[in-house]
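Below: the structure, in structure tokens.
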Amino acid sequence: MANWFNKTAMIDADKALPGRSQALVIKDRHWVTGRNLLPPFPPGTVDVQFGLGCFWGAERLFWQIPGVYTTAVGYAGGYTPNPTYEEVCSGQTGHTEVVLVVYDPSQVTFSTLLQTFWQAHDPTQGMRQGNDIGSQYRSAIYCSDGVTLNEALASRDAYQQALAAAGYPAITTDIAEAVPFYYAEDYHQQYLAKNPGGYCGLRGTGVACAV
């Protein structure tokens with residue numbers, strides 16, 4: 001059972017913090033693109049949530065991809081409704097840090113986003129990314145529908161073969177469908193655009209992903 005002192009174990013649902021009914025208030029404007037962070041998004045766009053360690057650098061990675069309409073950072077995959085950053089970092093909410101990526105599939109394929117995701121971090125590390133340790137840093141893909149879920153699972157299986165050939169252990173990425181997304185505090189949104197010298201912990205394995 002997870003507790004305050006063991007942030008590398010997933011907390012039990014009945015032990016998670018209660019959270020709150022109200023969402024955190026953020027500005028509905030992307031610092032870089034000027035587009036909206038909150039729905040509704042343009043017709044035809046699709047969203048996916050990627051967790052690959054600290055969400056500051058992860059968000060910057062995705063907002064630079066042509067065809068991505070907007071990005072936002074937040075928390076997903078846990079139990080506590082509308083958690084705060086401090087609560088997530090305590091390990092008592094079950095959430096991981098994720099980037100919400102809203103993209104136009106006529107301009108960028110989901111496979112391109114998956115390739116970017118797999119190659120930008122080490123998906124075999126469990127509850128950590130490098131020196132960032134805790135359940136909030138675990139690897140994750142949370143899809144909006146069954147089609148993208150199946151594609152994500154297939155890409156995992158394909159990348160597992162490449163990683164195994166390079167001597168890496170099993171992928172630990174959490175992959176699921178229809179997981180609630182909770183926006184992080186406003187100061188986390190597009191953090192590295194606001195703070196260009198800020199921390200970015202992204203480190204890939206160097207193993208190519210042929211999706």
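Going through the structure tokens in order, the chains are called A, B, and so on, while each chain numbers its residues from 1 and the ligands are numbered from 1 in the order shown.
Residues lying within 8 Å of Asp47 in chain A, counting only C-alpha atoms and ignoring same-chain neighbours fewer than 3 positions away, are A:Leu100, A:Val101, A:Val102, A:Tyr103, A:Cys143, A:Ser144.
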Report task. Among the residues of range 84-161 of chain A, find those DSSP assigns to helix (DSSP H, G or I) from the backbone and print them as a PyMOL selection string. Result -> chain A and resi 85-89+110-120+135-137+146-161
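Straight-line separation from CA of Tyr168 in chain A to CA of Tyr137 in chain A: 18.7 Å.
Every protein or nucleic acid residue with an atom no more than 10 Å from Gly74 in chain A, counting only C-alpha atoms and leaving out same-chain residues fewer than 3 positions away, appears here: Gln49, Gly51, Phe55, Asn82, Pro83, Thr84, Tyr85, His95, Thr96, Glu97, Val98, Val99, Leu100, Phe181, Tyr182, Tyr183, Ala184, Glu185, Asp186, His188 and Gln189 of chain A.
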With N, CA and C atoms retained, write the just-selected residues as a PDB file, in the first residue's frame.
```
ATOM      1  N   GLN A  49      -3.551  12.213 -24.294  1.00  0.00           N
ATOM      2  CA  GLN A  49      -2.733  12.643 -23.160  1.00  0.00           C
ATOM      3  C   GLN A  49      -1.469  11.794 -23.112  1.00  0.00           C
ATOM      4  N   GLY A  51       2.100  11.070 -20.935  1.00  0.00           N
ATOM      5  CA  GLY A  51       2.910  11.264 -19.742  1.00  0.00           C
ATOM      6  C   GLY A  51       4.307  10.735 -19.995  1.00  0.00           C
ATOM      7  N   PHE A  55       6.217  17.453 -16.936  1.00  0.00           N
ATOM      8  CA  PHE A  55       5.407  17.907 -18.070  1.00  0.00           C
ATOM      9  C   PHE A  55       5.854  19.218 -18.700  1.00  0.00           C
ATOM     10  N   ASN A  82      -9.612  17.027  -9.481  1.00  0.00           N
ATOM     11  CA  ASN A  82      -9.065  18.390  -9.469  1.00  0.00           C
ATOM     12  C   ASN A  82      -7.931  18.557  -8.456  1.00  0.00           C
ATOM     13  N   PRO A  83      -6.885  17.746  -8.572  1.00  0.00           N
ATOM     14  CA  PRO A  83      -5.789  17.836  -7.606  1.00  0.00           C
ATOM     15  C   PRO A  83      -4.909  19.059  -7.849  1.00  0.00           C
ATOM     16  N   THR A  84      -4.160  19.448  -6.831  1.00  0.00           N
ATOM     17  CA  THR A  84      -3.155  20.488  -6.974  1.00  0.00           C
ATOM     18  C   THR A  84      -1.802  19.833  -7.259  1.00  0.00           C
ATOM     19  N   TYR A  85      -0.850  20.641  -7.686  1.00  0.00           N
ATOM     20  CA  TYR A  85       0.498  20.131  -7.962  1.00  0.00           C
ATOM     21  C   TYR A  85       1.110  19.511  -6.708  1.00  0.00           C
ATOM     22  N   HIS A  95      -2.166  10.283  -9.642  1.00  0.00           N
ATOM     23  CA  HIS A  95      -2.034  10.886 -10.965  1.00  0.00           C
ATOM     24  C   HIS A  95      -0.593  10.908 -11.449  1.00  0.00           C
ATOM     25  N   THR A  96      -0.438  10.976 -12.765  1.00  0.00           N
ATOM     26  CA  THR A  96       0.850  11.267 -13.368  1.00  0.00           C
ATOM     27  C   THR A  96       0.752  12.584 -14.108  1.00  0.00           C
ATOM     28  N   GLU A  97       1.878  13.248 -14.294  1.00  0.00           N
ATOM     29  CA  GLU A  97       1.909  14.500 -15.039  1.00  0.00           C
ATOM     30  C   GLU A  97       1.771  14.182 -16.528  1.00  0.00           C
ATOM     31  N   VAL A  98       0.842  14.837 -17.195  1.00  0.00           N
ATOM     32  CA  VAL A  98       0.603  14.564 -18.612  1.00  0.00           C
ATOM     33  C   VAL A  98       0.485  15.861 -19.404  1.00  0.00           C
ATOM     34  N   VAL A  99       0.630  15.698 -20.720  1.00  0.00           N
ATOM     35  CA  VAL A  99       0.384  16.783 -21.666  1.00  0.00           C
ATOM     36  C   VAL A  99      -0.853  16.426 -22.472  1.00  0.00           C
ATOM     37  N   LEU A 100      -1.834  17.302 -22.476  1.00  0.00           N
ATOM     38  CA  LEU A 100      -2.983  17.161 -23.357  1.00  0.00           C
ATOM     39  C   LEU A 100      -2.584  17.703 -24.721  1.00  0.00           C
ATOM     40  N   PHE A 181      -8.935  14.230 -17.537  1.00  0.00           N
ATOM     41  CA  PHE A 181      -7.789  15.131 -17.533  1.00  0.00           C
ATOM     42  C   PHE A 181      -8.116  16.327 -16.654  1.00  0.00           C
ATOM     43  N   TYR A 182      -7.209  16.644 -15.725  1.00  0.00           N
ATOM     44  CA  TYR A 182      -7.385  17.797 -14.846  1.00  0.00           C
ATOM     45  C   TYR A 182      -6.279  18.809 -15.143  1.00  0.00           C
ATOM     46  N   TYR A 183      -6.661  20.009 -15.534  1.00  0.00           N
ATOM     47  CA  TYR A 183      -5.679  21.035 -15.865  1.00  0.00           C
ATOM     48  C   TYR A 183      -4.818  21.384 -14.655  1.00  0.00           C
ATOM     49  N   ALA A 184      -3.521  21.533 -14.898  1.00  0.00           N
ATOM     50  CA  ALA A 184      -2.602  21.988 -13.862  1.00  0.00           C
ATOM     51  C   ALA A 184      -2.723  23.497 -13.689  1.00  0.00           C
ATOM     52  N   GLU A 185      -2.115  23.992 -12.637  1.00  0.00           N
ATOM     53  CA  GLU A 185      -2.151  25.411 -12.319  1.00  0.00           C
ATOM     54  C   GLU A 185      -1.632  26.253 -13.487  1.00  0.00           C
ATOM     55  N   ASP A 186      -2.086  27.485 -13.560  1.00  0.00           N
ATOM     56  CA  ASP A 186      -1.763  28.362 -14.683  1.00  0.00           C
ATOM     57  C   ASP A 186      -0.253  28.526 -14.869  1.00  0.00           C
ATOM     58  N   HIS A 188       2.082  26.503 -14.568  1.00  0.00           N
ATOM     59  CA  HIS A 188       2.706  25.357 -15.233  1.00  0.00           C
ATOM     60  C   HIS A 188       2.456  25.347 -16.737  1.00  0.00           C
ATOM     61  N   GLN A 189       1.413  26.014 -17.194  1.00  0.00           N
ATOM     62  CA  GLN A 189       1.060  25.989 -18.613  1.00  0.00           C
ATOM     63  C   GLN A 189       2.134  26.692 -19.450  1.00  0.00           C
TER      64      GLN A 189
END
```
Report task. For CA of Gln64 in chain A and CA of Thr116 in chain A, quote the distance in Å rounded to one decimal. Result -> 11.2 Å
Report task. With a distance cut-off of 12 Å and only C-alpha atoms, select the neighbouring residues of Arg203 in chain A, excluding the residue or stretch itself and same-chain residues fewer than 6 positions from it, and output the selection as a list in words. Result ->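 That gives Leu52, Gly53, Cys54, Gly57, Ala58, Leu61, Phe117, Trp118, Gln119, Ala120, His121, Asp122, Pro123, Gln125, Arg128, Gln129, Gly130, Asn131 and Asp132 of chain A.
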Report task. Enter the distance from CA of Ala9 in chain A to CA of Thr205 in chain A, in Å, rounded to one decimal. Result ->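 Separation between CA of Ala9 in chain A and CA of Thr205 in chain A: 23.5 Å.
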Report task. Would you list the contacts of Ala152 in chain A as an NGL selection string, taking every protein, DNA or RNA residue within 9 Å and counting only C-alpha atoms, but skipping same-chain residues closer than 4 positions in sequence? Result -> :A and (110-111 or 114 or 141 or 143 or 147-148 or 156-157 or 175)
Hey, can you spit out that residue selection with N, CA and C atoms as a tab-separated table (two decimals), in the first residue's frame?
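Final file, selection12.tsv:
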```
chain	number	residue	atom	x	y	z
A	110	PHE	N	-1.44	10.27	-35.92
A	110	PHE	CA	-1.26	9.81	-34.54
A	110	PHE	C	0.05	9.02	-34.41
A	111	SER	N	0.42	8.31	-35.46
A	111	SER	CA	1.67	7.54	-35.41
A	111	SER	C	2.88	8.46	-35.25
A	114	LEU	N	2.97	9.33	-31.63
A	114	LEU	CA	3.45	8.17	-30.86
A	114	LEU	C	4.96	8.02	-31.00
A	141	ILE	N	-0.03	6.80	-21.79
A	141	ILE	CA	-0.78	7.27	-22.96
A	141	ILE	C	-2.25	7.06	-22.64
A	143	CYS	N	-5.86	7.62	-24.29
A	143	CYS	CA	-6.48	7.88	-25.60
A	143	CYS	C	-7.94	8.29	-25.46
A	147	VAL	N	-10.00	3.37	-31.31
A	147	VAL	CA	-9.11	3.28	-32.47
A	147	VAL	C	-7.70	3.71	-32.11
A	148	THR	N	-7.57	4.88	-31.48
A	148	THR	CA	-6.25	5.34	-31.10
A	148	THR	C	-5.66	4.49	-29.97
A	156	ARG	N	3.34	0.23	-28.84
A	156	ARG	CA	4.08	-0.24	-27.67
A	156	ARG	C	4.72	-1.59	-27.96
A	157	ASP	N	3.95	-2.51	-28.54
A	157	ASP	CA	4.47	-3.85	-28.82
A	157	ASP	C	5.62	-3.80	-29.82
A	175	ILE	N	-1.34	2.48	-20.54
A	175	ILE	CA	-2.10	2.84	-21.73
A	175	ILE	C	-3.57	2.52	-21.48
```
Report task. Go through A:Gln161, A:Thr124, A:Thr93, A:Thr45 one by one, measure the shortest atom-to-atom distance of each to Pro105 in chain A using only C-alpha atoms, and give the residue with the smallest value. Result ->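 Among the listed residues, the smallest separation from Pro105 in chain A belongs to A:Thr45.
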Query - Long-range neighbours of Pro196 in chain A as a ChimeraX atom specification, 12 Å cut-off, only C-alpha atoms, 5 positions minimum in chain - result: /A:56-57,60,190-191
Requested in this report: Write down as a PyMOL selection string the residues of range 90-193 of chain A whose backbone DSSP state falls under strand (DSSP E).
Outcome: chain A and resi 96-103+128-129+132-133+140-143+174-177+181-183
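Distances here use only C-alpha atoms; by that measure, the residue among A:Cys200, A:Ala13, A:Val48, A:Val108 closest to Asp145 in chain A is A:Val48.
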